[in-house]
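> Quick one: structure below, then a few questions.
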Amino acid sequence: MIEEKSNYYTKSVSAVQRSFETNENGLSPLAVQDRLKKYGCNIIKEQKKIHPFLIFLRQFQSVVVHILLGAVIISFFLGNYIDASVIISILIFNAVFGFVQEYKAEKSIEALRKLASLKAKVIRAGEVQEIDAKELVPGDLLLLEEGDKIPADARLVECIRLKAQEAALTGESQAVEKHIRELSGTLALGDQKNMVFSGTIITSGRGKAIITGTGMQTEIGKIATLLEETEEQQTPLQKKLDNTGKMMGYGTILICIIVFALAIYEGDPLLPSFLAAVALAVAAIPEGLPAVITIALALGVERMIKKNVLIRKLPSVETLGSTTVICTDKTGTLTKNEMTVRQMYMNKRIVEVTGSGYNTTGLFYHQGVQIDPKEFHHLLKIGALSNNAHLDGEKIIGDPTEGSLIVSAHKAQLFSHELEKTHPRVDEIVFDSQRKRMSTVHLVDKKPVIYTKGAPDIVLHLCSRIFINGKVRKITPADKKEIFDVNHRFSSGALRVLAFAYKEIHPKVHAAKQKNNAHYTEEDEQDLIFVGLQAMIDPPRDEVRASIEKCHSAGIRVIMITGDYEATARAIAQELSIGSRVMNGQELAVHMHLDDVIESIDIFARVNPEHKLKIVEALQKKGHVVAMTGDGVNDAPALKQADIGIAMGITGTDVAKEASDMILTDDHFSSIVNAVEEGRGIYGNIKKYFAFLLSGNISEVLIVFVITLLGFPLPLVATQLLLINLVTDGFPALAMSVDPFEPNSMAQKPRKKTEPLYKGLAPYLVFYPFMMTLAAVSVFSYMYTQEGNLLLAQTMTFLLICIFELFQALSCRSTIGSSLKAGLFKNHWLLLAIASSAAVAGAVIFVPFLQPLFGTTILTGLEIAAIVIISTSGFVVIEIAKGIQNIFHN
């Protein structure tokens, strides 16, 4: 029976297994279901969410809106019920618009958090499974390896050079070395060295552990702190727009005060003038700009999920559009990461291996003649045993390269699960990117043997003897030259090559290590016996070449970074049109001024993950905005330093994912390019909204200011101003959030990271307001002076502003080119919004009971036609100005 509370670090492994009613085969499906019902999901209790009603109330938090509400209340008590009711109704409609957008953004971000959940590997019913971490239950047998973020508290039952970074929980910066021995006494968390804790990181080694606590019963759950929880911060673009909005707000309020003073001076009634001035401030101050950015980014992030990109930090969406260099790993990103052993070398013979993917059906050929693979069993056996991957049908759990070695052994009827029983593993010298090799120690007929696999140059350097045709002899320089020649031949054919060796350990040496509880070390990897090579193909992904060409046309450079040999890397790079100029890891390590030559390098081969940081820094010194991919623990510094750190969702460690800005859920290079394109499109749509919103607001303020400055009465009443804000800024602006992206966004050079949002928007922010102000002042002054009818003049000015801005919405289909070429009618929602806005504007003019509410009067067909014709001038001016601007720009 599971004990509710216990110091599991004081218990032996067998005692913990009994406590949780489990064993080396893990829990049964029935036990898992029972425990899920009893203990619940493995999740930390979330903070209270913001209630939707509070989001709605936030729409009224503006000081200017408070002033208007105060004025409305005064108006109501003075008996102006109609004006007060209409203004309140419009403010509520505006609040509903703001609420819908903000609530949708909140929901999008909440969905992202769920998608970013951790995965975990467990053994259940004797099989290795990868599951969502929230499905873990007490008693589950958890598999741990380097780079994992531990998803629950657990007692270690198997431990091979395992170290954990527990600073998040204990504050101790040094990684803690773990073991499986029981401990005694009452110990602090940092001293419980046979336990691992939720939220901490495995920095090296591997192991197995029985879960002792999940969710709120973990140590981190007890203090109810979410490690990943950070205060919501504004993105750089939001901050800029917030400042822009404040500056415009101050300017608008100043103008509104002047307008109010001029209106009183001209003899206009006090309260209507005050209402109109405050309404102008409400309509013109772009307080919603930062919120619009959040919505645009959140909706874009939602779309990116469908394109296999998970954005972890909203500011990275802005940065994507500025990316000038993509530094990408080769294996699994540019290539399929479906390793298949194609050729082998042993006994001075090259053997061809048939089959594809992880299907275990295949034959062995030498010079076109089928042969019995028994001759190569020793080579295949080392590959299958010096291995931490698992074969599940035709699916590999673990590293694809190791998976391919298991598959090649299975083709020769050497089954890994049987080999593991007859050759039990007793120790391991783990692989890391510096050593470029891995060794395991096994008992073969009760005698200890080391099996080693790794990079051919590294392994061959450790070999003093060679195994040929069942005999061992001293390796000669001629042997080494032949092996290196075969390795070069394989590599030049874009094959990834591993070398295999072994050594028998003297039983006394092994007994002494066991007695002293000592591990095998690198010193035990000396004087090895070389056995052979296995070369696997990892073909380029079909869609990558087109994606790289798209990068080139978008002004984005692609650099390949790989641990493979130069010949392999160059062959793949040339096939993908990346280039052929190579620098290897040794040259990179000693180069003092990499930024002087980095522009001439296409490929970095034989590099360690630590070199990536040097590459990023050199590119950034040259002014580049760098996107860098990575999957390992040692990639984390480079991912943090890069402008866009990109982690692999399938092969990436939890450490790499946490250091990243975005995660590729399919590990494909094409997904990076899709994300860049999406980032450019999102920024383009933000720019459209910015141009549309600000140009209209600037125009409205100028019209009211200039007309009152010329000594005329107010050209618009409060209800008209608020309705314009609702109709023109509401419906079309909402439709722009789903506007198709600029058709040629990937034909443009990357924008500079510091480029202001208003760059290139002179047609909208200068020429259009001038044209609209000129037209409105002319129409109002003519109708007022010639006709002597203020109501008619105000109605025509109201309609002119509405139609002007609806035409302008069409011109925003493209801010960098012709809106006609972009397609005026591609956004059906925008057309519906324009039609709805026009219908509302028409209704307040022609529906009798609405006329007194909005201070309008009926217009003749001739007057409407004149307004429509005049209003097209804004669209024409913008399109001509964009055309001229592009001529000079090009």
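Each chain in the structure tokens gets a letter, A, B, ..., in the order shown, and its residues are numbered from 1; ligands are numbered from 1 in order too.
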Find the spatial neighbours of stretch 816-819 of chain A, counting only C-alpha atoms, within a cut-off of 10 Å - ignore same-chain residues fewer than 2 positions away - and output them as a PyMOL selection string.

chain A and resi 684+687-688+742-745+760-761+810-814+821-825+875+878-880+882-883+885-886

> With a cut-off of 8 Å, could you pull out the residues of stretch 279-371 of chain A touching stretch 523-537 of chain A and give me the nearest pair of atoms for each, distance in Å to one decimal, using only C-alpha atoms, ordered by chain and ascending number, as CSV?


```
residue,atom,partner,partner_atom,distance
A:Met339,CA,A:Ile537,CA,5.7
A:Thr340,CA,A:Met536,CA,5.1
A:Val341,CA,A:Met536,CA,3.9
A:Arg342,CA,A:Met536,CA,5.3
A:Gln343,CA,A:Ala535,CA,5.2
A:Met344,CA,A:Gln534,CA,4.4
A:Tyr345,CA,A:Leu533,CA,4.9
A:Met346,CA,A:Gly532,CA,4.6
A:Asn347,CA,A:Gly532,CA,7.6
```

> Assign secondary structure with DSSP using the backbone only, and return the residues of stretch 629-805 of chain A in alpha helix (DSSP H) as a ChimeraX atom specification.

/A:636-641,654-659,669-709,718-736,762,768-782,790-805

> Please identify which residues in stretch 440-632 of chain A DSSP calls strand (DSSP E) from the backbone, and express them as a ChimeraX atom specification.

/A:440-444,447-454,463-468,471-474,495-504,528-537,557-561,582-584,603-605,626-630

> For stretch 555-561 of chain A, list every protein, DNA or RNA residue within 7 Å, evaluated using only C-alpha atoms, and leave out those in the same chain fewer than 5 positions away; present the list as a count of residues only.

15

> Do you know which residues are at most 7 Å from A:Tyr358 counting only C-alpha atoms, after dropping those on the same chain fewer than 5 positions away, and could you put them as a PDB file with all heavy atoms, in the first residue's frame?


```
ATOM      1  N   GLU A 394       8.172   0.005 -35.726  1.00  0.00           N
ATOM      2  CA  GLU A 394       9.018   0.763 -36.652  1.00  0.00           C
ATOM      3  C   GLU A 394       9.252   2.178 -36.134  1.00  0.00           C
ATOM      4  O   GLU A 394       9.578   3.087 -36.887  1.00  0.00           O
ATOM      5  CB  GLU A 394       8.386   0.801 -38.049  1.00  0.00           C
ATOM      6  CG  GLU A 394       8.414  -0.542 -38.755  1.00  0.00           C
ATOM      7  CD  GLU A 394       8.013  -0.452 -40.220  1.00  0.00           C
ATOM      8  OE1 GLU A 394       8.048   0.655 -40.785  1.00  0.00           O
ATOM      9  OE2 GLU A 394       7.665  -1.489 -40.801  1.00  0.00           O
ATOM     10  N   LYS A 395       9.099   2.350 -34.822  1.00  0.00           N
ATOM     11  CA  LYS A 395       9.311   3.654 -34.204  1.00  0.00           C
ATOM     12  C   LYS A 395      10.489   3.568 -33.238  1.00  0.00           C
ATOM     13  O   LYS A 395      10.628   2.592 -32.511  1.00  0.00           O
ATOM     14  CB  LYS A 395       8.042   4.078 -33.448  1.00  0.00           C
ATOM     15  CG  LYS A 395       8.161   5.436 -32.774  1.00  0.00           C
ATOM     16  CD  LYS A 395       6.925   5.714 -31.916  1.00  0.00           C
ATOM     17  CE  LYS A 395       7.101   7.000 -31.130  1.00  0.00           C
ATOM     18  NZ  LYS A 395       5.986   7.239 -30.176  1.00  0.00           N
ATOM     19  N   SER A 404      19.196   3.463 -35.700  1.00  0.00           N
ATOM     20  CA  SER A 404      19.584   2.819 -36.968  1.00  0.00           C
ATOM     21  C   SER A 404      20.527   1.644 -36.723  1.00  0.00           C
ATOM     22  O   SER A 404      20.530   0.664 -37.475  1.00  0.00           O
ATOM     23  CB  SER A 404      20.237   3.838 -37.906  1.00  0.00           C
ATOM     24  OG  SER A 404      21.507   4.232 -37.427  1.00  0.00           O
ATOM     25  N   VAL A 407      18.459  -1.302 -35.696  1.00  0.00           N
ATOM     26  CA  VAL A 407      17.773  -1.845 -36.882  1.00  0.00           C
ATOM     27  C   VAL A 407      18.732  -2.682 -37.719  1.00  0.00           C
ATOM     28  O   VAL A 407      18.380  -3.779 -38.183  1.00  0.00           O
ATOM     29  CB  VAL A 407      17.157  -0.704 -37.720  1.00  0.00           C
ATOM     30  CG1 VAL A 407      16.651  -1.229 -39.061  1.00  0.00           C
ATOM     31  CG2 VAL A 407      16.019  -0.039 -36.960  1.00  0.00           C
TER      32      VAL A 407
END
```

> Under the rule that only C-alpha atoms are counted, which of A:Glu617, A:Gly368, A:Ser580, A:Glu338 is the nearest residue to A:Ser600?

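When distances to A:Ser600 are compared using only C-alpha atoms, the smallest one comes from A:Ser580.
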
> May I have the residues within 12 Å of A:Ile858 as a PyMOL selection string, using only C-alpha atoms and disregarding those fewer than 6 positions away in the same chain?

chain A and resi 791-796+799+841-852+864

> List as a CSV table (one decimal) with N, CA and C atoms, in the first residue's frame the protein and nucleic acid residues near A:Lys657, meaning an atom at most 8 Å away when only C-alpha atoms are counted, but skip any in the same chain fewer than 3 places from it.


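Final file, part11.csv:
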```
chain,number,residue,atom,x,y,z
A,631,ASP,N,19.5,21.6,-29.7
A,631,ASP,CA,18.7,20.6,-29.1
A,631,ASP,C,19.3,20.1,-27.8
A,646,ILE,N,16.0,28.7,-31.2
A,646,ILE,CA,15.0,27.8,-31.8
A,646,ILE,C,15.4,26.4,-31.3
A,647,ALA,N,14.5,25.8,-30.4
A,647,ALA,CA,14.8,24.4,-29.9
A,647,ALA,C,14.0,23.4,-30.7
A,648,MET,N,14.5,22.2,-30.8
A,648,MET,CA,13.8,21.1,-31.5
A,648,MET,C,12.8,20.5,-30.5
A,649,GLY,N,11.6,20.3,-31.0
A,649,GLY,CA,10.5,19.8,-30.2
A,649,GLY,C,10.6,18.3,-30.0
A,652,GLY,N,14.9,17.7,-29.0
A,652,GLY,CA,15.4,18.7,-28.1
A,652,GLY,C,15.3,18.3,-26.6
A,653,THR,N,16.3,18.7,-25.8
A,653,THR,CA,16.2,18.4,-24.4
A,653,THR,C,15.3,19.5,-23.8
A,654,ASP,N,14.9,19.3,-22.6
A,654,ASP,CA,14.1,20.3,-21.9
A,654,ASP,C,14.9,21.6,-21.6
A,660,SER,N,15.1,28.6,-25.2
A,660,SER,CA,14.7,29.0,-26.5
A,660,SER,C,13.6,30.1,-26.5
A,662,MET,N,11.5,29.9,-29.4
A,662,MET,CA,10.4,29.2,-30.1
A,662,MET,C,10.9,27.7,-30.2
A,663,ILE,N,9.9,26.8,-30.4
A,663,ILE,CA,10.1,25.4,-30.5
A,663,ILE,C,9.5,24.9,-31.8
```
